[in-house]
Amino acid sequence: STTSASGYLCNCNPGWQGVHCDQNINECSSNPCHNGGTCTDGINGFTCTCTSQWTGPFCQTPQQECGGQLNGPAGSFSYPNNPGHDQYDHLVSCTWVVRTDPNKVLRITFPFFHLESSINCNFDFLQIHDGDNPSAYMLGKYCGQNNPQELHSSHNSLYFWFRSDHSVNAGGFTVVWESQEPVCGGELTASYGNINSPGYPGNYPPGRDCYWAVTVDPGLLITFAFGTLSLEQHPDCNYDFLEVQTTSTSLSFASKIDCIYSSILKSSTSGQKHEKTLTYTLTGPLIRYTLLVPGWNPFCLQNCLHPSWHRFKKVLETFLREFGPY
């Protein structure tokens, strides 16, 4: 804290200094990055960009030749250490796990990529999973000389597996990661489309609240077909749930859909404004929506004998009595 000439005292937030707390403290002034790393100053923090031989928040850890656990908001790893100059060995199997803060996701780019080419990448490949282990959903399997497109995780970690066979080798690869805020939800105005939970068809991540609003012109209905709905089981759906709300200028309805239902249901609604807001918390559905003319009966088109159907039928009958003919 500092005292100004006027006699008042400013208690600065971390990362700021000065009489009026308007001067950003340069955390790079102490040269925190070791072994040739480059420091980039931030607000109350800094980021070290390491050379290919070092890793870690301060570039303090020697880059592991083949695999390892890598933590931090940003960084990179390569195999071999000088891809493009050296070539990777035969019969190699390496795994890396990259992990950032629990409330962040990862953006991945590939500045250099050159592996043996093969059909279906059966010989040499880099395989990436959306999580911290090989059982997580596979985002892609890559080989050849074309740099893969950038990837985005739905969790705060990614699992990388590199494997080479006994014959042809090549220059290897470099992976660069940075942390981002997770984004899900949006405004939907098209006449049809899909709504997926984060990470679908893999597992959804913890701690997410996602909101979608679907709006169409007056005089039309919206129907939702739940192709997949697999959530954490809880009697009151207070932990993981999907909630559907219908709002208009004169009507309002909200229903928390059963968190253990895993078959297919269809529902429709109408109203003056014809807007549905879907609220996801830790959900795992695949939802397809489209428009219908009024008067369509959605019940018992399929799977009406499913054990969970009658619980949903009560909810949807109430829904349609209030907001649409059936």
# chains A, B, ... in the order shown; residues from 1 in each chain; ligands from 1
>>> select_by_dssp(residues="stretch 65-132 of chain A", states="strand (DSSP E or B)", output="ChimeraX atom specification")
/A:68-71,74-79,83,86,93-99,105-114,125-129
>>> closest_atom_pairs(of="stretch 125-149 of chain A", to="stretch 104-120 of chain A", cutoff="10 Å", atoms="only C-alpha atoms", output="tab-separated table")
residue	atom	partner	partner_atom	distance
A:Phe125	CA	A:Leu115	CA	6.8
A:Leu126	CA	A:Leu115	CA	8.5
A:Asp130	CA	A:Leu106	CA	9.8
A:Lys141	CA	A:Asn120	CA	8.3
A:Tyr142	CA	A:Leu115	CA	8.4
A:Cys143	CA	A:Leu115	CA	5.1
A:Gly144	CA	A:Ser117	CA	4.1
A:Gln145	CA	A:His114	CA	4.4
A:Asn146	CA	A:Phe113	CA	6.7
A:Asn147	CA	A:Phe113	CA	5.3
A:Pro148	CA	A:Phe110	CA	6.5
A:Gln149	CA	A:Thr109	CA	7.1
>>> write_last_selection(atoms="N, CA, C and O atoms", output="compact mmCIF listing (two decimals), in the first residue's frame")
# COMPACT_ATOMS: atom_id res chain seq x y z
N PHE A 125 2.40 -43.07 -35.44
CA PHE A 125 1.27 -42.17 -35.24
C PHE A 125 1.39 -41.43 -33.92
O PHE A 125 2.11 -41.85 -33.00
N LEU A 126 0.67 -40.32 -33.83
CA LEU A 126 0.44 -39.60 -32.58
C LEU A 126 -1.06 -39.62 -32.33
O LEU A 126 -1.84 -39.13 -33.16
N ASP A 130 -9.05 -36.96 -25.08
CA ASP A 130 -9.62 -35.81 -24.38
C ASP A 130 -9.75 -36.12 -22.88
O ASP A 130 -10.84 -36.30 -22.35
N LYS A 141 -6.05 -39.34 -34.49
CA LYS A 141 -4.86 -40.17 -34.68
C LYS A 141 -4.18 -39.66 -35.94
O LYS A 141 -4.79 -39.64 -37.01
N TYR A 142 -2.90 -39.23 -35.82
CA TYR A 142 -2.29 -38.45 -36.87
C TYR A 142 -0.97 -39.06 -37.32
O TYR A 142 -0.22 -39.63 -36.52
N CYS A 143 -0.67 -38.89 -38.62
CA CYS A 143 0.60 -39.31 -39.20
C CYS A 143 0.82 -38.50 -40.46
O CYS A 143 0.02 -37.62 -40.80
N GLY A 144 1.93 -38.75 -41.17
CA GLY A 144 2.21 -38.03 -42.39
C GLY A 144 2.91 -36.70 -42.15
O GLY A 144 3.46 -36.44 -41.09
N GLN A 145 2.86 -35.83 -43.18
CA GLN A 145 3.59 -34.57 -43.14
C GLN A 145 2.68 -33.35 -43.02
O GLN A 145 3.18 -32.22 -42.98
N ASN A 146 1.37 -33.54 -42.99
CA ASN A 146 0.46 -32.42 -42.86
C ASN A 146 0.23 -32.11 -41.39
O ASN A 146 -0.19 -32.98 -40.62
N ASN A 147 0.49 -30.86 -41.00
CA ASN A 147 0.28 -30.47 -39.61
C ASN A 147 -1.20 -30.62 -39.26
O ASN A 147 -2.06 -30.08 -39.96
N PRO A 148 -1.53 -31.34 -38.19
CA PRO A 148 -2.94 -31.44 -37.79
C PRO A 148 -3.53 -30.06 -37.48
O PRO A 148 -2.81 -29.13 -37.09
N GLN A 149 -4.84 -29.95 -37.66
CA GLN A 149 -5.54 -28.73 -37.28
C GLN A 149 -5.48 -28.56 -35.77
O GLN A 149 -5.31 -29.53 -35.02
>>> atom_distance(atom1="atom CA of A:Leu139", atom2="atom CA of A:Gln87")
25.4 Å
>>> closest_atom_pairs(of="stretch 74-117 of chain A", to="stretch 29-52 of chain A", cutoff="7 Å", atoms="only C-alpha atoms", output="tab-separated table")
residue	atom	partner	partner_atom	distance
A:Gly75	CA	A:Thr49	CA	6.3
A:Phe77	CA	A:Ser52	CA	6.8
A:Ser78	CA	A:Ser52	CA	6.7
A:Asn81	CA	A:Ser52	CA	5.9
A:Asn82	CA	A:Ser52	CA	7.0
>>> write_last_selection(atoms="N, CA, C and O atoms", output="compact mmCIF listing (two decimals), in the first residue's frame")
# COMPACT_ATOMS: atom_id res chain seq x y z
N GLY A 75 2.91 -24.13 -22.72
CA GLY A 75 4.18 -24.81 -22.87
C GLY A 75 4.23 -25.60 -24.17
O GLY A 75 3.36 -25.46 -25.04
N PHE A 77 6.17 -29.47 -26.03
CA PHE A 77 7.07 -30.62 -25.95
C PHE A 77 7.30 -31.13 -27.37
O PHE A 77 6.48 -30.92 -28.27
N SER A 78 8.43 -31.77 -27.55
CA SER A 78 8.82 -32.27 -28.86
C SER A 78 9.37 -33.68 -28.73
O SER A 78 9.89 -34.08 -27.69
N ASN A 81 14.10 -34.28 -29.43
CA ASN A 81 14.30 -32.94 -28.87
C ASN A 81 14.46 -31.87 -29.94
O ASN A 81 14.13 -30.71 -29.71
N ASN A 82 14.99 -32.23 -31.10
CA ASN A 82 15.17 -31.28 -32.20
C ASN A 82 14.46 -31.82 -33.44
O ASN A 82 15.10 -32.27 -34.40
>>> atom_distance(atom1="atom CA of A:Arg99", atom2="atom CA of A:Asn156")
5.8 Å
>>> closest_residue(among="A:Thr246, A:Asn122, A:Ser230, A:Asn11", to="A:Asn203", atoms="only C-alpha atoms")
A:Ser230
>>> residues_around(residues="A:His166", least_positions_apart="2", cutoff="7 Å", atoms="only C-alpha atoms", output="PyMOL selection string")
chain A and resi 90-91+164+168
>>> atom_distance(atom1="atom CA of A:Asp89", atom2="atom CA of A:Gly140")
22.3 Å
>>> closest_residue(among="A:Gly72, A:Ser157, A:Glu150, A:His234", to="A:Asn133", atoms="only C-alpha atoms")
A:Ser157
>>> closest_residue(among="A:Ile195, A:Gln53, A:Trp212, A:Tyr137", to="A:Ser154", atoms="only C-alpha atoms")
A:Tyr137
